[in-house]
$ cat final_33.cif   # mmCIF, C-alpha atoms and all ligand atoms
data_work
#
loop_
_atom_site.label_atom_id
_atom_site.label_comp_id
_atom_site.auth_asym_id
_atom_site.auth_seq_id
_atom_site.Cartn_x
_atom_site.Cartn_y
_atom_site.Cartn_z
CA MET A 1 17.83 3.24 32.14
CA ILE A 2 14.41 1.75 31.45
CA GLN A 3 14.60 -1.81 30.15
CA VAL A 4 12.58 -2.37 27.00
CA ASN A 5 11.61 -5.33 24.87
CA ALA A 6 14.68 -6.06 22.73
CA ASN A 7 12.54 -6.76 19.64
CA ILE A 8 10.98 -3.30 19.84
CA ALA A 9 14.28 -1.59 20.69
CA LYS A 10 15.57 -2.71 17.25
CA LEU A 11 12.85 -0.77 15.41
CA LYS A 12 13.05 2.80 14.18
CA PRO A 13 10.02 5.00 13.39
CA SER A 14 8.45 4.15 10.02
CA ALA A 15 10.49 5.81 7.24
CA THR A 16 7.34 7.08 5.57
CA LEU A 17 6.21 8.94 8.67
CA ALA A 18 9.76 10.13 9.42
CA ILE A 19 10.20 11.75 6.00
CA ASN A 20 6.75 13.28 6.24
CA GLU A 21 7.73 14.92 9.56
CA ARG A 22 11.00 16.17 8.03
CA VAL A 23 9.17 17.65 5.03
CA LYS A 24 6.64 19.35 7.34
CA SER A 25 9.37 20.91 9.44
CA LEU A 26 11.33 22.11 6.36
CA ARG A 27 8.10 23.56 4.98
CA ARG A 28 7.46 25.37 8.27
CA GLU A 29 10.90 26.94 7.84
CA GLY A 30 9.71 28.21 4.45
CA ALA A 31 11.42 25.69 2.13
CA LYS A 32 9.73 24.92 -1.23
CA LEU A 33 9.51 21.15 -1.37
CA TYR A 34 8.10 18.52 -3.68
CA HIS A 35 6.79 15.70 -1.58
CA PHE A 36 6.96 12.34 -3.32
CA GLY A 37 7.47 10.58 0.00
CA PHE A 38 4.03 10.12 1.50
CA GLY A 39 1.30 7.86 0.14
CA GLN A 40 -1.96 9.29 1.41
CA SER A 41 -5.06 9.49 -0.78
CA PRO A 42 -5.25 12.99 -2.30
CA PHE A 43 -9.05 12.89 -2.51
CA PRO A 44 -11.61 14.05 0.06
CA VAL A 45 -13.66 11.53 2.03
CA PRO A 46 -16.85 11.00 -0.02
CA GLN A 47 -19.65 13.13 1.40
CA LEU A 48 -21.97 10.16 1.72
CA ILE A 49 -19.52 8.50 4.11
CA SER A 50 -18.72 11.58 6.21
CA GLU A 51 -22.45 12.33 6.56
CA GLU A 52 -23.08 8.80 7.73
CA LEU A 53 -20.35 9.20 10.33
CA THR A 54 -22.01 12.37 11.61
CA ARG A 55 -25.42 10.70 11.67
CA HIS A 56 -24.10 8.02 14.04
CA ARG A 57 -21.97 10.30 16.21
CA GLU A 58 -24.06 9.72 19.30
CA LYS A 59 -23.57 5.96 19.26
CA GLY A 60 -21.12 5.76 22.14
CA GLY A 61 -21.39 2.12 23.20
CA TYR A 62 -18.88 -0.59 22.38
CA LEU A 63 -19.54 -2.96 19.50
CA PRO A 64 -18.61 -6.67 19.43
CA SER A 65 -14.83 -7.16 19.18
CA LEU A 66 -14.92 -8.83 15.77
CA GLY A 67 -17.03 -5.99 14.37
CA LEU A 68 -20.57 -4.80 13.72
CA PRO A 69 -22.43 -7.84 12.29
CA GLU A 70 -24.10 -5.67 9.62
CA LEU A 71 -20.70 -4.40 8.49
CA ARG A 72 -19.19 -7.90 8.36
CA ALA A 73 -22.08 -9.04 6.17
CA THR A 74 -21.84 -5.95 3.94
CA ILE A 75 -18.11 -6.49 3.38
CA ALA A 76 -18.68 -10.18 2.54
CA SER A 77 -21.15 -9.08 -0.18
CA TYR A 78 -18.81 -6.30 -1.32
CA LEU A 79 -16.00 -8.83 -1.77
CA GLY A 80 -18.31 -11.04 -3.81
CA GLU A 81 -19.63 -8.27 -6.05
CA ASN A 82 -16.58 -6.06 -6.42
CA GLN A 83 -13.68 -8.50 -6.08
CA ARG A 84 -15.32 -11.75 -7.24
CA THR A 85 -14.17 -13.61 -4.13
CA THR A 86 -16.28 -15.70 -1.77
CA PHE A 87 -16.21 -15.13 1.97
CA SER A 88 -18.89 -15.65 4.57
CA PRO A 89 -19.74 -12.83 7.01
CA LYS A 90 -18.42 -14.97 9.87
CA GLY A 91 -14.92 -14.83 8.37
CA VAL A 92 -14.87 -11.03 7.97
CA LEU A 93 -13.26 -9.26 10.94
CA ILE A 94 -13.04 -5.53 11.58
CA GLY A 95 -10.03 -3.74 13.09
CA PRO A 96 -8.48 -0.28 13.46
CA GLY A 97 -6.81 -0.32 10.03
CA SER A 98 -5.59 -3.23 7.95
CA LYS A 99 -2.11 -2.52 9.32
CA GLU A 100 -3.18 -3.52 12.84
CA LEU A 101 -5.02 -6.59 11.53
CA LEU A 102 -1.93 -7.68 9.67
CA PHE A 103 0.14 -7.21 12.82
CA GLN A 104 -2.29 -9.24 14.92
CA THR A 105 -2.18 -11.97 12.27
CA LEU A 106 1.63 -12.05 12.20
CA LEU A 107 1.59 -12.18 15.99
CA LEU A 108 -0.74 -15.16 15.88
CA LEU A 109 1.00 -17.24 13.22
CA GLN A 110 4.07 -19.30 14.06
CA GLY A 111 6.81 -19.90 11.53
CA ILE A 112 8.53 -17.90 8.83
CA THR A 113 7.15 -14.83 7.07
CA LEU A 114 8.08 -14.54 3.40
CA ILE A 115 8.39 -10.98 2.05
CA PRO A 116 9.18 -10.32 -1.64
CA LYS A 117 11.88 -7.68 -2.24
CA GLY A 118 9.97 -4.54 -3.24
CA SER A 119 7.29 -4.66 -0.51
CA TRP A 120 5.68 -2.21 1.88
CA VAL A 121 7.94 -0.72 4.53
CA SER A 122 5.94 -1.90 7.59
CA TYR A 123 5.86 -5.66 6.98
CA LEU A 124 9.34 -6.43 8.30
CA PRO A 125 9.17 -4.20 11.43
CA GLN A 126 5.91 -5.96 12.31
CA VAL A 127 7.59 -9.36 12.03
CA MET A 128 10.59 -8.08 14.00
CA ALA A 129 8.36 -6.70 16.74
CA LYS A 130 7.20 -10.21 17.53
CA GLY A 131 10.71 -11.60 17.17
CA GLY A 132 9.67 -13.75 14.22
CA GLY A 133 11.73 -15.39 11.50
CA TYR A 134 11.55 -14.06 7.96
CA ASP A 135 12.94 -14.43 4.47
CA ILE A 136 13.19 -11.53 2.04
CA ILE A 137 12.70 -13.21 -1.33
CA ASN A 138 14.68 -11.86 -4.24
CA THR A 139 12.66 -10.44 -7.16
CA SER A 140 13.89 -8.97 -10.44
CA ARG A 141 13.73 -5.56 -12.06
CA GLU A 142 12.76 -7.14 -15.40
CA ASN A 143 9.60 -8.52 -13.79
CA ALA A 144 8.75 -5.20 -12.06
CA TYR A 145 9.80 -6.86 -8.76
CA LYS A 146 6.83 -9.21 -8.88
CA LEU A 147 7.42 -12.56 -7.21
CA SER A 148 7.84 -15.47 -9.63
CA PRO A 149 6.88 -19.10 -8.92
CA ASP A 150 10.56 -20.14 -9.09
CA GLN A 151 11.62 -17.51 -6.59
CA LEU A 152 8.83 -18.57 -4.25
CA THR A 153 9.70 -22.25 -4.67
CA ALA A 154 13.35 -21.61 -3.79
CA SER A 155 12.33 -19.86 -0.57
CA CYS A 156 9.83 -22.58 0.35
CA LEU A 157 12.48 -25.26 -0.15
CA LYS A 158 14.80 -23.32 2.17
CA HIS A 159 12.14 -23.34 4.88
CA LYS A 160 10.68 -26.75 4.15
CA ASN A 161 10.12 -27.69 7.77
CA SER A 162 8.48 -24.46 9.00
CA GLN A 163 5.00 -23.10 8.60
CA LYS A 164 5.19 -20.28 6.05
CA ALA A 165 3.14 -17.08 5.58
CA LEU A 166 3.68 -15.11 2.38
CA ILE A 167 2.74 -11.42 2.25
CA LEU A 168 1.57 -10.58 -1.24
CA ASN A 169 0.48 -7.04 -2.10
CA SER A 170 -1.31 -6.08 -5.31
CA PRO A 171 -1.60 -3.30 -6.49
CA ASN A 172 1.79 -2.95 -4.93
CA ASN A 173 3.28 -0.35 -2.70
CA PRO A 174 6.06 0.58 -3.66
CA THR A 175 6.15 -0.66 -7.29
CA GLY A 176 2.63 0.06 -8.60
CA ALA A 177 2.61 -3.46 -10.12
CA VAL A 178 -0.56 -5.56 -10.30
CA TYR A 179 -0.42 -9.38 -10.44
CA ASP A 180 -2.55 -10.74 -13.28
CA VAL A 181 -4.63 -13.92 -13.08
CA SER A 182 -2.04 -16.14 -14.72
CA GLU A 183 0.69 -14.94 -12.36
CA LEU A 184 -1.57 -15.55 -9.36
CA ALA A 185 -2.58 -19.00 -10.62
CA ALA A 186 1.09 -19.98 -10.98
CA LEU A 187 1.94 -18.71 -7.49
CA ALA A 188 -1.14 -20.48 -6.09
CA GLU A 189 0.21 -23.80 -7.34
CA VAL A 190 3.44 -23.31 -5.38
CA CYS A 191 1.52 -22.15 -2.29
CA ARG A 192 -0.67 -25.25 -2.42
CA ARG A 193 2.34 -27.53 -2.82
CA PHE A 194 4.08 -26.07 0.24
CA GLN A 195 0.91 -25.21 2.20
CA VAL A 196 1.85 -21.54 2.40
CA ILE A 197 -0.64 -19.23 4.12
CA VAL A 198 -1.05 -16.13 1.94
CA LEU A 199 -1.68 -12.76 3.57
CA SER A 200 -3.06 -10.89 0.57
CA ASP A 201 -2.82 -7.14 1.12
CA GLU A 202 -5.48 -5.74 -1.23
CA ILE A 203 -5.80 -2.28 0.29
CA TYR A 204 -5.50 -0.62 -3.18
CA SER A 205 -7.53 -3.20 -5.10
CA LEU A 206 -10.17 -1.05 -6.81
CA LEU A 207 -7.60 1.63 -7.63
CA ASN A 208 -6.54 -0.29 -10.75
CA PHE A 209 -5.94 2.00 -13.74
CA LYS A 210 -7.06 -0.46 -16.44
CA GLU A 211 -9.40 -2.98 -14.87
CA GLU A 212 -12.44 -2.63 -12.64
CA PHE A 213 -10.57 -4.29 -9.76
CA SER A 214 -7.32 -6.14 -9.20
CA PRO A 215 -7.45 -9.95 -9.22
CA SER A 216 -7.16 -11.58 -5.81
CA MET A 217 -5.07 -14.54 -4.73
CA ALA A 218 -8.25 -15.71 -2.96
CA GLY A 219 -9.71 -16.39 -6.43
CA HIS A 220 -6.99 -19.00 -7.07
CA TYR A 221 -6.09 -20.27 -3.65
CA PRO A 222 -9.22 -19.69 -1.57
CA GLU A 223 -8.45 -22.23 1.14
CA GLY A 224 -5.10 -20.65 2.01
CA THR A 225 -5.61 -16.91 1.53
CA ILE A 226 -6.51 -14.23 4.09
CA VAL A 227 -7.49 -10.97 2.40
CA PHE A 228 -6.83 -7.54 3.95
CA GLY A 229 -8.50 -4.27 2.94
CA GLY A 230 -10.11 -1.17 4.36
CA LEU A 231 -11.37 2.37 4.04
CA SER A 232 -8.02 4.14 3.70
CA LYS A 233 -7.16 4.11 0.02
CA ILE A 234 -10.33 3.35 -1.91
CA PHE A 235 -12.53 5.65 0.18
CA SER A 236 -9.77 8.18 1.01
CA ALA A 237 -10.41 7.75 4.73
CA GLY A 238 -7.09 6.62 6.23
CA GLY A 239 -7.78 8.72 9.30
CA TYR A 240 -11.01 6.84 10.04
CA ARG A 241 -8.82 3.87 10.91
CA LEU A 242 -11.00 1.02 9.76
CA GLY A 243 -9.74 -2.10 8.07
CA TYR A 244 -11.05 -5.61 7.51
CA MET A 245 -9.61 -9.04 7.07
CA ALA A 246 -11.43 -11.97 5.45
CA LEU A 247 -10.66 -15.51 6.55
CA PRO A 248 -11.69 -18.49 4.43
CA GLU A 249 -13.79 -21.20 6.05
CA ALA A 250 -10.79 -23.51 6.01
CA MET A 251 -9.19 -21.22 8.62
CA PHE A 252 -12.17 -20.69 10.94
CA GLU A 253 -10.24 -22.54 13.65
CA LEU A 254 -8.38 -19.19 14.06
CA LEU A 255 -11.55 -17.25 14.97
CA PRO A 256 -11.40 -17.82 18.76
CA TYR A 257 -7.79 -16.54 18.81
CA TYR A 258 -8.77 -13.37 16.99
CA GLN A 259 -11.72 -12.95 19.34
CA ALA A 260 -9.32 -13.21 22.29
CA ILE A 261 -6.60 -10.93 20.99
CA PHE A 262 -8.96 -8.23 19.66
CA SER A 263 -10.91 -8.10 22.90
CA GLU A 264 -7.73 -7.95 24.99
CA THR A 265 -6.10 -5.22 22.91
CA PHE A 266 -8.19 -2.69 20.95
CA SER A 267 -11.64 -3.98 22.12
CA ALA A 268 -13.49 -2.81 18.99
CA VAL A 269 -13.26 -0.15 16.28
CA ALA A 270 -15.04 3.19 16.93
CA THR A 271 -18.79 2.64 16.64
CA PRO A 272 -19.73 5.62 14.39
CA VAL A 273 -16.89 4.70 12.00
CA GLN A 274 -18.23 1.15 11.65
CA TYR A 275 -21.68 2.51 10.73
CA ALA A 276 -20.10 4.89 8.20
CA ALA A 277 -18.21 1.92 6.74
CA VAL A 278 -21.48 0.04 6.15
CA LYS A 279 -22.51 2.85 3.81
CA ALA A 280 -19.12 2.76 2.06
CA PHE A 281 -19.06 -0.99 1.44
CA GLU A 282 -22.68 -1.05 0.28
CA MET A 283 -21.06 0.71 -2.67
CA PRO A 284 -23.96 2.77 -4.01
CA GLN A 285 -23.57 4.06 -7.57
CA VAL A 286 -22.45 7.50 -6.42
CA LEU A 287 -19.41 5.94 -4.71
CA LEU A 288 -18.66 3.72 -7.69
CA ASP A 289 -18.67 6.86 -9.86
CA GLU A 290 -16.40 8.70 -7.45
CA ILE A 291 -13.91 5.81 -7.37
CA ALA A 292 -13.99 5.57 -11.19
CA LYS A 293 -13.13 9.26 -11.39
CA ASN A 294 -10.36 9.00 -8.76
CA LYS A 295 -8.71 6.12 -10.53
CA ALA A 296 -8.89 7.95 -13.86
CA ILE A 297 -7.11 10.90 -12.24
CA LEU A 298 -4.46 8.67 -10.62
CA GLY A 299 -3.97 6.85 -13.93
CA ALA A 300 -3.54 10.16 -15.80
CA VAL A 301 -1.00 11.46 -13.27
CA ALA A 302 0.84 8.12 -13.41
CA ARG A 303 1.05 8.24 -17.25
CA PHE A 304 2.41 11.79 -17.11
CA VAL A 305 4.98 10.83 -14.47
CA VAL A 306 6.25 7.77 -16.40
CA LYS A 307 6.58 9.69 -19.67
CA GLU A 308 8.44 12.58 -18.05
CA LEU A 309 10.76 10.34 -16.05
CA ARG A 310 11.71 8.26 -19.07
CA GLU A 311 12.48 11.41 -21.05
CA GLY A 312 14.88 12.30 -18.21
CA HIS A 313 16.62 8.87 -18.39
CA ILE A 314 14.94 7.78 -15.17
CA GLU A 315 13.74 4.19 -15.36
CA CYS A 316 10.63 3.31 -13.40
CA THR A 317 8.27 0.40 -12.81
CA PRO A 318 5.03 0.89 -14.79
CA PRO A 319 2.33 1.90 -12.29
CA GLU A 320 -0.80 -0.17 -12.95
CA GLY A 321 -2.68 0.78 -9.78
CA GLY A 322 -2.30 2.61 -6.45
CA PHE A 323 -0.13 5.68 -5.82
CA TYR A 324 3.46 4.63 -6.50
CA THR A 325 6.34 3.73 -8.78
CA ILE A 326 9.92 2.63 -8.06
CA ILE A 327 12.33 4.91 -9.86
CA ASP A 328 15.85 3.85 -10.75
CA LEU A 329 18.61 6.47 -10.87
CA ARG A 330 21.40 4.16 -12.08
CA HIS A 331 21.92 6.45 -15.09
CA TYR A 332 23.18 9.10 -12.61
CA ARG A 333 25.42 6.78 -10.61
CA GLU A 334 28.63 8.59 -11.58
CA LYS A 335 27.25 11.90 -10.37
CA PHE A 336 26.37 10.40 -6.99
CA ASP A 337 29.74 8.61 -6.72
CA HIS A 338 31.46 11.89 -7.42
CA LEU A 339 29.54 13.47 -4.53
CA GLY A 340 30.46 10.57 -2.25
CA LEU A 341 26.83 9.44 -2.03
CA LYS A 342 26.92 5.68 -1.68
CA SER A 343 23.55 4.51 -0.42
CA SER A 344 19.99 5.21 -1.55
CA GLU A 345 19.47 6.79 1.87
CA ASP A 346 22.42 9.21 1.31
CA ILE A 347 21.05 10.08 -2.13
CA ALA A 348 17.50 10.62 -0.82
CA LYS A 349 18.83 12.97 1.87
CA HIS A 350 20.87 14.86 -0.73
CA LEU A 351 17.87 15.23 -3.06
CA LEU A 352 15.72 16.52 -0.20
CA GLU A 353 18.28 19.04 1.07
CA HIS A 354 19.62 20.24 -2.30
CA ALA A 355 16.82 19.75 -4.85
CA GLY A 356 13.83 20.04 -2.51
CA VAL A 357 12.54 16.66 -3.73
CA ALA A 358 11.41 14.09 -1.15
CA LEU A 359 11.67 10.41 -2.16
CA LEU A 360 11.93 7.32 0.03
CA PRO A 361 15.13 5.26 -0.32
CA GLY A 362 14.75 1.77 -1.77
CA SER A 363 16.47 0.34 1.31
CA ASP A 364 13.17 0.90 3.17
CA PHE A 365 11.54 -1.49 0.70
CA TYR A 366 14.09 -4.33 1.03
CA PHE A 367 16.37 -3.31 -1.87
CA GLY A 368 20.13 -3.40 -1.22
CA ALA A 369 21.36 -0.14 0.36
CA ASP A 370 23.72 0.50 -2.57
CA ILE A 371 21.06 0.12 -5.29
CA PRO A 372 19.94 3.62 -6.37
CA VAL A 373 16.19 2.99 -6.40
CA PHE A 374 13.52 5.09 -4.66
CA ARG A 375 9.82 5.03 -4.08
CA MET A 376 7.99 7.90 -5.69
CA ALA A 377 4.42 8.54 -4.47
CA PHE A 378 2.69 10.75 -7.04
CA VAL A 379 -0.21 11.97 -4.88
CA ASP A 380 0.99 15.36 -3.63
CA PHE A 381 -1.95 17.22 -5.17
CA ASP A 382 -5.41 18.30 -4.13
CA GLY A 383 -7.71 15.65 -5.58
CA GLY A 384 -10.74 17.72 -4.52
CA ALA A 385 -9.70 20.44 -6.99
CA TRP A 386 -10.43 18.02 -9.88
CA ALA A 387 -14.08 17.79 -8.85
CA ARG A 388 -15.34 20.16 -11.54
CA ILE A 389 -13.57 18.34 -14.38
CA PRO A 390 -15.83 15.79 -16.09
CA LEU A 391 -14.42 12.26 -16.24
CA ASP A 392 -13.92 12.31 -20.01
CA LEU A 393 -11.77 15.44 -19.78
CA VAL A 394 -9.33 13.98 -17.25
CA SER A 395 -6.06 13.80 -19.16
CA SER A 396 -2.34 13.22 -18.75
CA ASN A 397 -1.34 16.07 -21.02
CA PRO A 398 1.29 18.31 -19.42
CA GLY A 399 -0.86 21.47 -19.42
CA HIS A 400 -3.64 19.65 -17.60
CA ILE A 401 -1.26 18.18 -15.00
CA ARG A 402 0.46 21.53 -14.51
CA GLU A 403 -2.90 23.13 -13.74
CA HIS A 404 -4.36 20.43 -11.51
CA ALA A 405 -1.32 18.74 -9.95
CA PRO A 406 1.26 21.55 -9.92
CA GLY A 407 3.39 19.95 -7.20
CA VAL A 408 3.80 16.78 -9.26
CA TYR A 409 4.44 18.72 -12.46
CA GLU A 410 7.08 21.02 -10.96
CA GLY A 411 8.56 18.31 -8.76
CA ILE A 412 9.32 16.05 -11.72
CA ALA A 413 10.75 18.96 -13.70
CA THR A 414 12.91 19.95 -10.71
CA LEU A 415 14.19 16.40 -10.23
CA LYS A 416 15.02 16.04 -13.92
CA SER A 417 16.88 19.33 -14.16
CA PHE A 418 18.74 18.76 -10.88
CA LEU A 419 19.96 15.38 -12.11
CA ALA A 420 20.84 16.67 -15.57
CA ARG A 421 23.01 19.43 -14.11
CA GLY A 422 26.70 18.36 -14.35
N1 LIG B 1 -0.87 -1.97 3.18
C1 LIG B 1 -0.24 -1.13 2.33
C2 LIG B 1 0.50 -1.72 1.19
C3 LIG B 1 -0.28 0.25 2.54
O1 LIG B 1 0.34 1.07 1.68
C4 LIG B 1 -0.97 0.76 3.66
C5 LIG B 1 -1.00 2.20 3.95
O2 LIG B 1 -0.16 2.98 3.56
C6 LIG B 1 -1.61 -0.14 4.51
C7 LIG B 1 -1.55 -1.50 4.24
C8 LIG B 1 -2.32 0.32 5.77
O3 LIG B 1 -3.60 0.63 5.58
P1 LIG B 1 -4.59 0.93 6.80
O4 LIG B 1 -4.82 2.40 6.76
O5 LIG B 1 -5.82 0.12 6.50
O6 LIG B 1 -3.94 0.50 8.06
#

$ encode --input "final_33.cif" --output "structure tokens"
Amino acid sequence: MIQVNANIAKLKPSATLAINERVKSLRREGAKLYHFGFGQSPFPVPQLISEELTRHREKGGYLPSLGLPELRATIASYLGENQRTTFSPKGVLIGPGSKELLFQTLLLLQGITLIPKGSWVSYLPQVMAKGGGYDIINTSRENAYKLSPDQLTASCLKHKNSQKALILNSPNNPTGAVYDVSELAALAEVCRRFQVIVLSDEIYSLLNFKEEFSPSMAGHYPEGTIVFGGLSKIFSAGGYRLGYMALPEAMFELLPYYQAIFSETFSAVATPVQYAAVKAFEMPQVLLDEIAKNKAILGAVARFVVKELREGHIECTPPEGGFYTIIDLRHYREKFDHLGLKSSEDIAKHLLEHAGVALLPGSDFYFGADIPVFRMAFVDFDGGAWARIPLDLVSSNPGHIREHAPGVYEGIATLKSFLARG
């Protein structure tokens, strides 16, 4: 028996990837499935970015561990222009995905990690992998599972004597919620009072259905906020594996530690990808237009999904940005009880095997196992197929969605009729 690190032995493969594998294998066996489990951008990588990658394909040398200086400067300007936050190039660090940068940060910071209930699946396993302490903070359905100042205060008082890092994600995976400026300002006050370090996961920021971008905690609490972002969601290039983090000047004392840990682990992100990312974060008009179109499409699909779900007595959090909503099947509780399905995991398995609908159980997102909530990702469609439709004709009307996002259209109808059946 090989002895392994006990912290790692406790982990299981990420639920998102596990369900994706299960869906793939059922599809290989010929099953017709509606995949609301996986949150990958449905759009192609913008041509400008893929061409830039090709143009730099022969650059085979290593770059500095903290990233290509030109890219760090470009991202600092991008954050100023597109997110209205102020960071200097020195504080911008490049890594192989924001996920890895978050992990390295959690590894570095001592103390307790605070995670609001209704957060991304990977945060807790990352904390557990380092054997760190954590607190899952309760949030409420009425507030779309957004953290309130009182809830944060209660947690901070519990951990008064430890350093605290709060992971805040907006637009949120899994709820689709976006924190507005007044909510952020109120949370900032609590963070300042208890000297909380905020790890602000802004990977979906520009994919906000109503506003140009989603407000950042760094706008309200600049001295204590580290911002995370990357190429994956906004530029539909998850597979390029490039993320950034932006440290405020007040935390520059951490730079030598990042320099050490990056250089001793991943060395540096792939050189051609860093050059391609310069083009992306320069944000020429053609990319701004493409993002505007993508968010209009996502917003239209989200509106369709919410309307259809509510007509089928399925409550859901209102998606304001990103790819997701949390759906609540409490209306069908009796049906599940009757079938002996107790946990959200049991119900998700049942829906996959019997209705052909893949959802992720709420227990993966810190909800109690017996609460019948699920994450629905509404991006199982070919975003490239919308390319010919002019922006002003993108619509949430059912005929339009049926034509351009048939998997979403049929999947929702299948879920509704399966649940409505006796
Ligand atoms: N944060 C959230 C909330 C995500 O949903 C994801 C990807 O699914 C990530 C971070 C990881 O992004 P990256 O591809 O930059 O590692």

$ residues_near_ligand --input "final_33.cif" --ligand "ligand LIG 1 (chain B)" --cutoff "6 Å" --atoms "only C-alpha atoms and all ligand atoms" --output "PyMOL selection string"
chain A and resi 97-99+120+173+201+203+230+232+238+241+243

$ residues_near_point --input "final_33.cif" --point "(23.6, 5.6, -2.7)" --cutoff "12 Å" --atoms "all atoms listed in the file" --output "PyMOL selection string"
chain A and resi 328-330+332-351+361-363+367-374

$ closest_residue --input "final_33.cif" --among "A:Ala302, A:Val273, A:Ala154, A:Ala9" --to "Leu71 (chain A)" --atoms "only C-alpha atoms"
A:Val273

$ closest_residue --input "final_33.cif" --among "A:Ala185, A:Ile326, A:Val306, A:Ile291" --to "Asn172 (chain A)" --atoms "all atoms listed in the file"
A:Ile326

$ closest_residue --input "final_33.cif" --among "A:Asn82, A:Ser140, A:Ser41, A:Thr175" --to "Lys295 (chain A)" --atoms "all atoms listed in the file"
A:Ser41

$ closest_residue --input "final_33.cif" --among "A:Ser417, A:Thr74, A:Ser236, A:Asn7" --to "Pro44 (chain A)" --atoms "all atoms listed in the file"
A:Ser236

$ atom_distance --input "final_33.cif" --atom1 "CA of Glu29 (chain A)" --atom2 "CA of Thr414 (chain A)"
19.9 Å

$ closest_residue --input "final_33.cif" --among "A:Lys279, A:Lys32, A:Arg192, A:His159" --to "His56 (chain A)" --atoms "only C-alpha atoms"
A:Lys279

$ residues_around --input "final_33.cif" --residues "Lys12 (chain A)" --least-positions-apart "5" --cutoff "12 Å" --atoms "all atoms listed in the file" --output "NGL selection string"
:A and (7 or 17-18 or 121-122 or 124-126 or 128-129 or 364)

$ closest_residue --input "final_33.cif" --among "A:Ser395, A:Thr325, A:Ser119, A:Thr225" --to "Ala300 (chain A)" --atoms "all atoms listed in the file"
A:Ser395

$ atom_distance --input "final_33.cif" --atom1 "CA of Gln83 (chain A)" --atom2 "CA of Gly239 (chain A)"
23.8 Å

$ residues_around --input "final_33.cif" --residues "Arg72 (chain A)" --least-positions-apart "4" --cutoff "9 Å" --atoms "all atoms listed in the file" --output "PyMOL selection string"
chain A and resi 66-68+76-77+88-94+244+278

$ atom_distance --input "final_33.cif" --atom1 "CA of Ile167 (chain A)" --atom2 "CA of Leu102 (chain A)"
9.5 Å

$ residues_around --input "final_33.cif" --residues "Asn138 (chain A)" --least-positions-apart "4" --cutoff "7 Å" --atoms "only C-alpha atoms" --output "PyMOL selection string"
chain A and resi 116-117+151

$ residues_near_point --input "final_33.cif" --point "(1.3, -1.9, -10.1)" --cutoff "12 Å" --atoms "all atoms listed in the file" --output "PDB file with C-alpha atoms, in the coordinates of the input"
ATOM      1  CA  GLY A 118       9.970  -4.540  -3.240  1.00  0.00           C
ATOM      2  CA  SER A 119       7.290  -4.660  -0.510  1.00  0.00           C
ATOM      3  CA  ASN A 143       9.600  -8.520 -13.790  1.00  0.00           C
ATOM      4  CA  ALA A 144       8.750  -5.200 -12.060  1.00  0.00           C
ATOM      5  CA  TYR A 145       9.800  -6.860  -8.760  1.00  0.00           C
ATOM      6  CA  LYS A 146       6.830  -9.210  -8.880  1.00  0.00           C
ATOM      7  CA  ASN A 169       0.480  -7.040  -2.100  1.00  0.00           C
ATOM      8  CA  SER A 170      -1.310  -6.080  -5.310  1.00  0.00           C
ATOM      9  CA  PRO A 171      -1.600  -3.300  -6.490  1.00  0.00           C
ATOM     10  CA  ASN A 172       1.790  -2.950  -4.930  1.00  0.00           C
ATOM     11  CA  ASN A 173       3.280  -0.350  -2.700  1.00  0.00           C
ATOM     12  CA  PRO A 174       6.060   0.580  -3.660  1.00  0.00           C
ATOM     13  CA  THR A 175       6.150  -0.660  -7.290  1.00  0.00           C
ATOM     14  CA  GLY A 176       2.630   0.060  -8.600  1.00  0.00           C
ATOM     15  CA  ALA A 177       2.610  -3.460 -10.120  1.00  0.00           C
ATOM     16  CA  VAL A 178      -0.560  -5.560 -10.300  1.00  0.00           C
ATOM     17  CA  TYR A 179      -0.420  -9.380 -10.440  1.00  0.00           C
ATOM     18  CA  ASP A 180      -2.550 -10.740 -13.280  1.00  0.00           C
ATOM     19  CA  GLU A 202      -5.480  -5.740  -1.230  1.00  0.00           C
ATOM     20  CA  TYR A 204      -5.500  -0.620  -3.180  1.00  0.00           C
ATOM     21  CA  SER A 205      -7.530  -3.200  -5.100  1.00  0.00           C
ATOM     22  CA  LEU A 206     -10.170  -1.050  -6.810  1.00  0.00           C
ATOM     23  CA  LEU A 207      -7.600   1.630  -7.630  1.00  0.00           C
ATOM     24  CA  ASN A 208      -6.540  -0.290 -10.750  1.00  0.00           C
ATOM     25  CA  PHE A 209      -5.940   2.000 -13.740  1.00  0.00           C
ATOM     26  CA  LYS A 210      -7.060  -0.460 -16.440  1.00  0.00           C
ATOM     27  CA  GLU A 211      -9.400  -2.980 -14.870  1.00  0.00           C
ATOM     28  CA  SER A 214      -7.320  -6.140  -9.200  1.00  0.00           C
ATOM     29  CA  PRO A 215      -7.450  -9.950  -9.220  1.00  0.00           C
ATOM     30  CA  GLY A 299      -3.970   6.850 -13.930  1.00  0.00           C
ATOM     31  CA  ALA A 302       0.840   8.120 -13.410  1.00  0.00           C
ATOM     32  CA  CYS A 316      10.630   3.310 -13.400  1.00  0.00           C
ATOM     33  CA  THR A 317       8.270   0.400 -12.810  1.00  0.00           C
ATOM     34  CA  PRO A 318       5.030   0.890 -14.790  1.00  0.00           C
ATOM     35  CA  PRO A 319       2.330   1.900 -12.290  1.00  0.00           C
ATOM     36  CA  GLU A 320      -0.800  -0.170 -12.950  1.00  0.00           C
ATOM     37  CA  GLY A 321      -2.680   0.780  -9.780  1.00  0.00           C
ATOM     38  CA  GLY A 322      -2.300   2.610  -6.450  1.00  0.00           C
ATOM     39  CA  PHE A 323      -0.130   5.680  -5.820  1.00  0.00           C
ATOM     40  CA  TYR A 324       3.460   4.630  -6.500  1.00  0.00           C
ATOM     41  CA  THR A 325       6.340   3.730  -8.780  1.00  0.00           C
ATOM     42  CA  ILE A 326       9.920   2.630  -8.060  1.00  0.00           C
TER      43      ILE A 326
END
